[in-house]
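To be precise, the following lines are final.txt, and they hold compact mmCIF, C-alpha atoms.
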# COMPACT_ATOMS: atom_id res chain seq x y z
CA MET A 1 92.93 95.97 90.79
CA LEU A 2 94.55 99.26 89.78
CA ILE A 3 95.68 97.71 86.54
CA ARG A 4 92.02 97.29 85.57
CA ILE A 5 91.57 101.06 85.96
CA ALA A 6 94.78 102.00 84.09
CA PRO A 7 96.17 99.04 82.11
CA GLU A 8 99.16 101.13 80.98
CA MET A 9 100.20 102.07 84.52
CA PHE A 10 103.50 100.16 84.27
CA ALA A 11 104.24 100.94 80.63
CA ASP A 12 103.51 104.68 80.53
CA GLU A 13 105.97 106.73 82.60
CA ARG A 14 103.35 109.43 83.27
CA TYR A 15 101.72 107.08 85.80
CA GLU A 16 104.99 106.88 87.75
CA CYS A 17 104.36 103.21 88.63
CA VAL A 18 106.76 100.32 88.86
CA THR A 19 106.62 96.90 90.42
CA ILE A 20 109.03 94.12 91.15
CA ARG A 21 109.24 90.68 89.60
CA LYS A 22 108.25 88.98 92.85
CA VAL A 23 104.93 90.86 92.88
CA TYR A 24 104.33 89.84 89.28
CA GLU A 25 105.11 86.21 90.12
CA GLU A 26 102.78 86.24 93.12
CA PHE A 27 100.02 87.83 91.08
CA THR A 28 100.31 85.36 88.21
CA ARG A 29 101.11 82.14 90.09
CA LYS A 30 99.49 82.09 93.52
CA GLN A 31 96.22 80.19 93.78
CA LYS A 32 94.57 82.84 95.95
CA PHE A 33 94.97 85.37 93.12
CA LYS A 34 93.80 82.89 90.49
CA THR A 35 90.63 82.32 92.48
CA LYS A 36 89.95 85.88 93.63
CA TYR A 37 90.94 87.66 90.40
CA PRO A 38 90.05 85.51 87.39
CA TRP A 39 90.48 88.58 85.14
CA ARG A 40 94.20 88.83 85.97
CA ASN A 41 95.38 86.85 82.92
CA VAL A 42 94.08 89.60 80.64
CA PHE A 43 96.60 92.00 82.19
CA ARG A 44 99.67 89.76 82.57
CA SER A 45 101.38 91.26 79.54
CA LYS A 46 100.83 94.79 80.89
CA ILE A 47 102.82 94.21 84.07
CA LYS A 48 106.45 95.23 83.62
CA SER A 49 108.82 94.88 86.53
CA LEU A 50 111.94 96.91 87.30
CA GLY A 51 114.25 94.10 86.22
CA ALA A 52 116.87 91.99 87.93
CA THR A 53 119.65 94.56 87.60
CA ILE A 54 117.70 97.06 89.68
CA GLU A 55 115.81 94.64 91.93
CA GLU A 56 118.88 92.64 92.89
CA SER A 57 121.39 95.45 93.14
CA GLU A 58 123.87 95.37 95.99
CA SER A 59 121.99 98.15 97.79
CA VAL A 60 118.63 96.40 97.52
CA MET A 61 120.10 93.11 98.70
CA ARG A 62 121.77 94.84 101.64
CA ASN A 63 118.43 96.43 102.63
CA PHE A 64 116.64 93.10 102.11
CA LYS A 65 119.07 91.40 104.51
CA LEU A 66 118.68 94.21 107.03
CA ILE A 67 114.88 94.01 106.85
CA SER A 68 114.92 90.21 107.10
CA ASN A 69 117.19 90.40 110.11
CA LEU A 70 114.89 92.91 111.81
CA ILE A 71 111.82 90.76 111.12
CA ASP A 72 113.32 87.33 111.78
CA THR A 73 114.94 88.30 115.08
CA ASP A 74 111.84 90.14 116.32
CA THR A 75 113.96 93.25 116.72
CA VAL A 76 111.29 95.85 115.94
CA ILE A 77 107.77 96.12 117.23
CA ASN A 78 104.96 97.62 115.21
CA GLN A 79 104.22 100.80 117.14
CA SER A 80 100.63 100.82 115.84
CA SER A 81 99.70 97.29 116.92
CA GLY A 82 102.25 96.47 119.62
CA SER A 83 103.09 93.19 117.83
CA PHE A 84 106.14 92.06 115.97
CA PHE A 85 106.07 92.66 112.22
CA ASN A 86 105.15 89.75 109.99
CA LEU A 87 106.27 90.41 106.42
CA SER A 88 106.39 87.88 103.61
CA ARG A 89 109.51 87.51 101.49
CA THR A 90 107.80 89.56 98.76
CA ASP A 91 106.86 92.30 101.24
CA ARG A 92 110.49 92.44 102.35
CA TYR A 93 111.63 92.92 98.74
CA ILE A 94 109.04 95.65 98.27
CA ALA A 95 110.33 97.38 101.39
CA ALA A 96 113.96 96.94 100.30
CA CYS A 97 113.33 98.42 96.84
CA ALA A 98 111.27 101.27 98.28
CA ALA A 99 113.94 102.09 100.86
CA THR A 100 116.79 101.84 98.38
CA TYR A 101 115.24 103.93 95.62
CA HIS A 102 113.02 106.17 97.80
CA TYR A 103 109.85 105.00 96.07
CA ASP A 104 106.37 105.68 97.36
CA VAL A 105 104.40 102.45 97.79
CA SER A 106 100.77 101.69 97.06
CA THR A 107 99.41 98.90 99.22
CA VAL A 108 96.63 98.07 101.63
CA ASP A 109 98.69 95.57 103.65
CA GLY A 110 98.56 97.06 107.14
CA ASP A 111 101.76 95.47 108.45
CA LEU A 112 103.73 96.53 105.37
CA ILE A 113 102.31 100.06 105.58
CA ASP A 114 103.26 100.34 109.24
CA PHE A 115 106.74 98.91 108.64
CA LEU A 116 107.48 101.22 105.71
CA LYS A 117 106.30 104.30 107.58
CA GLN A 118 107.90 103.41 110.90
CA GLU A 119 111.28 102.11 109.75
CA PHE A 120 111.90 104.02 106.51
CA LYS A 121 109.51 107.01 106.58
CA THR A 122 108.21 105.79 103.21
CA ASN A 123 105.19 107.55 101.73
CA VAL A 124 102.37 105.02 101.34
CA ILE A 125 99.41 105.78 99.14
CA LYS A 126 96.37 103.53 99.06
CA PRO A 127 94.90 102.56 95.68
CA LEU A 128 92.08 105.12 95.75
CA GLY A 129 94.62 107.85 96.50
CA LEU A 130 96.56 106.78 93.43
CA ILE A 131 93.40 106.87 91.33
CA ASN A 132 92.73 110.39 92.60
CA ARG A 133 96.26 111.39 91.59
CA TRP A 134 95.69 110.01 88.07
CA LEU A 135 92.35 111.80 87.81
CA GLU A 136 93.95 115.10 88.84
CA LYS A 137 96.70 114.67 86.25
CA GLY A 138 94.14 113.86 83.56
CA LEU A 139 95.68 110.43 82.96
CA ILE A 140 92.33 108.68 83.34
CA HIS A 141 88.76 109.79 82.78
CA TRP A 142 86.11 108.28 84.98
CA ASN A 143 83.31 106.32 83.34
CA ASP A 144 80.84 103.52 84.12
CA GLU A 145 83.39 100.81 83.34
CA LYS A 146 85.89 102.19 85.86
CA GLN A 147 83.11 102.69 88.38
CA SER A 148 82.18 99.00 88.02
CA VAL A 149 85.79 98.08 88.86
CA ILE A 150 85.55 100.14 92.06
CA GLU A 151 82.26 98.43 92.86
CA ASP A 152 83.96 95.07 92.29
CA TRP A 153 86.59 96.08 94.89
CA HIS A 154 83.79 96.42 97.38
CA THR A 155 82.21 93.10 96.32
CA CYS A 156 85.59 91.34 96.71
CA ASN A 157 85.93 92.77 100.24
CA GLU A 158 89.09 94.65 99.37
CA ALA A 159 90.61 96.75 102.14
CA ALA A 160 88.94 99.99 103.14
CA GLN A 161 90.24 103.20 101.65
CA ASP A 162 90.98 106.38 103.59
CA ARG A 163 88.06 108.72 104.20
CA ALA A 164 89.97 111.68 102.75
CA ASP A 165 90.57 109.71 99.54
CA ILE A 166 86.89 108.73 99.34
CA ASP A 167 85.85 112.37 99.74
CA LYS A 168 88.37 113.47 97.11
CA PHE A 169 87.19 110.72 94.73
CA HIS A 170 83.62 111.95 95.08
CA HIS A 171 84.74 115.53 94.46
CA LEU A 172 86.73 114.55 91.35
CA THR A 173 84.19 112.14 89.81
CA ARG A 174 80.87 113.17 91.32
CA ARG A 175 80.35 109.46 91.90
CA LYS A 176 79.72 107.63 95.13
CA TYR A 177 82.41 105.33 96.44
CA PRO A 178 80.64 102.00 97.05
CA SER A 179 81.56 101.60 100.72
CA LEU A 180 79.35 104.50 101.71

This entry written out as structure tokens:
Amino acid sequence: MLIRIAPEMFADERYECVTIRKVYEEFTRKQKFKTKYPWRNVFRSKIKSLGATIEESESVMRNFKLISNLIDTDTVINQSSGSFFNLSRTDRYIAACAATYHYDVSTVDGDLIDFLKQEFKTNVIKPLGLINRWLEKGLIHWNDEKQSVIEDWHTCNEAAQDRADIDKFHHLTRRKYPSL
């Protein structure tokens, strides 16, 4: 949903956002996204991925294999939940790219968040935290249209955002976050 707030997030380097081809493919092809996000086709052309040279580099592939081995052999336990990690193939690629290139990751997937933090000490920022960052940098200006996107997050039962990010959002926009 971030792309609805800042459609240029992948094209304009000031946003410091990248994604991988596998995320793009999931977003554009999976039925659950077609059903839940009918607006997604409007933004397809705005999503630019890192590219095969970067995404499939030897280092990324080595990390992908390591991560897959850890997950598939139930080698590591999620210290937060006490269960084994369950990461999709796409999540594993996200983790491999983040670990290889030392990227921060924006996600609300709890298992992926825990894995990235526990195994790679990756900085994870939830979507509202990213919006706050953009507001602070002056990259976006809050208005009723953007507020309606946030309200749509709530309507679609998107994952909860951190309390500190909600408080900061209110401070920056003087608007109420819809979950409160």

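Minimum distance to Thr122 (chain A) across A:Leu172, A:Ala96, A:Leu87, A:Ala160 (counting only C-alpha atoms) occurs at A:Ala96.
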
Quiz item: In Å, with one decimal, what is the gap from CA of Arg29 (chain A) to CA of Met9 (chain A)?
Solution: 20.7 Å

Practice problem: Fewer than 3 positions away in the same chain doesn't count, so skip those; otherwise give me all residues within 10 Å of region 145-157 of chain A, counting all atoms listed in the file, as a ChimeraX atom specification. | Solution: /A:1-2,4-6,36-37,128,140-142,160,173,175-179

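The residue that comes closest to His171 (chain A), out of A:Asn123, A:Glu158, A:Gln118, A:Glu136 and on the basis of only C-alpha atoms, is A:Glu136.
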
Practice problem: May I have the residues within 6 Å of region 16-28 of chain A as a ChimeraX atom specification, using all atoms listed in the file and disregarding those fewer than 2 positions away in the same chain? | Solution: /A:9-10,13-14,30,33,49-50,90

Exercise. Could you give me, as an NGL selection string, the residues that sit within 12 Å of (118.6, 94.5, 92.2) in the file's coordinates, counting all atoms listed in the file?
Key: :A and (20-22 or 49-64 or 93-94 or 96-98 or 100-101)

Take the selection from the previous step and output its residues with C-alpha atoms, as a short mmCIF file (atom, residue, chain, number, x, y, z; two decimals), in the frame of the given file.
data_model
loop_
_atom_site.label_atom_id
_atom_site.label_comp_id
_atom_site.auth_asym_id
_atom_site.auth_seq_id
_atom_site.Cartn_x
_atom_site.Cartn_y
_atom_site.Cartn_z
CA ILE A 20 109.03 94.12 91.15
CA ARG A 21 109.24 90.68 89.60
CA LYS A 22 108.25 88.98 92.85
CA SER A 49 108.82 94.88 86.53
CA LEU A 50 111.94 96.91 87.30
CA GLY A 51 114.25 94.10 86.22
CA ALA A 52 116.87 91.99 87.93
CA THR A 53 119.65 94.56 87.60
CA ILE A 54 117.70 97.06 89.68
CA GLU A 55 115.81 94.64 91.93
CA GLU A 56 118.88 92.64 92.89
CA SER A 57 121.39 95.45 93.14
CA GLU A 58 123.87 95.37 95.99
CA SER A 59 121.99 98.15 97.79
CA VAL A 60 118.63 96.40 97.52
CA MET A 61 120.10 93.11 98.70
CA ARG A 62 121.77 94.84 101.64
CA ASN A 63 118.43 96.43 102.63
CA PHE A 64 116.64 93.10 102.11
CA TYR A 93 111.63 92.92 98.74
CA ILE A 94 109.04 95.65 98.27
CA ALA A 96 113.96 96.94 100.30
CA CYS A 97 113.33 98.42 96.84
CA ALA A 98 111.27 101.27 98.28
CA THR A 100 116.79 101.84 98.38
CA TYR A 101 115.24 103.93 95.62
#

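Using all atoms listed in the file, the smallest distance between any of A:Gly138, A:Ser83, A:Glu119, A:Asp109 and Gln161 (chain A) comes from A:Asp109.
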
Please define a box with edges along x, y and z of the file around all atoms of region 14-33 of chain A given in the file, extend it by 3 Å on each side, and return its centre and edge lengths in Å to one decimal, as AutoDock Vina command-line options.
--center_x 101.9 --center_y 94.8 --center_z 89.6 --size_x 20.7 --size_y 35.2 --size_z 18.7

Quiz prompt | Best match for closeness to Phe85 (chain A) among A:Val124, A:Ser45, A:Lys65, A:Asp114, counting all atoms listed in the file | solution = A:Asp114

Practice problem: Just give me the gap between CA of Ser88 (chain A) and CA of Leu70 (chain A) in Å, one decimal is fine. | Solution: 12.8 Å

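Computed from the coordinates, the CA of Asn132 (chain A) to CA of Val105 (chain A) distance equals 15.0 Å.
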
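Among the candidates A:Leu139, A:Arg44, A:Asn69, A:Thr107, the residue lying nearest to Lys126 (chain A) is A:Thr107 (atoms considered: all atoms listed in the file).
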
Exercise. For Phe120 (chain A), work out the shell of residues within 9 Å, counting only C-alpha atoms and skipping chain neighbours fewer than 5 positions away, then give it as JSON, numbers by chain.
Key: {"A": [95, 98, 99, 115]}

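Residue nearest Asp91 (chain A) within the list A:Glu8, A:Asp165, A:Asp72, A:Asp111: A:Asp111 [criterion: smallest interatomic distance, all atoms listed in the file].
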
Quiz item: Can you list, as an MDAnalysis selection string, every protein, DNA or RNA residue that comes within 9 Å of Pro7 (chain A) when you count only C-alpha atoms, leaving out same-chain residues fewer than 6 positions away?
Solution: chainID A and resid 43 46:47

Can you write out the residues you just picked, keeping C-alpha atoms, as a PDB file, in the frame of the given file?
ATOM      1  CA  PHE A  43      96.600  92.000  82.190  1.00  0.00           C
ATOM      2  CA  LYS A  46     100.830  94.790  80.890  1.00  0.00           C
ATOM      3  CA  ILE A  47     102.820  94.210  84.070  1.00  0.00           C
TER       4      ILE A  47
END
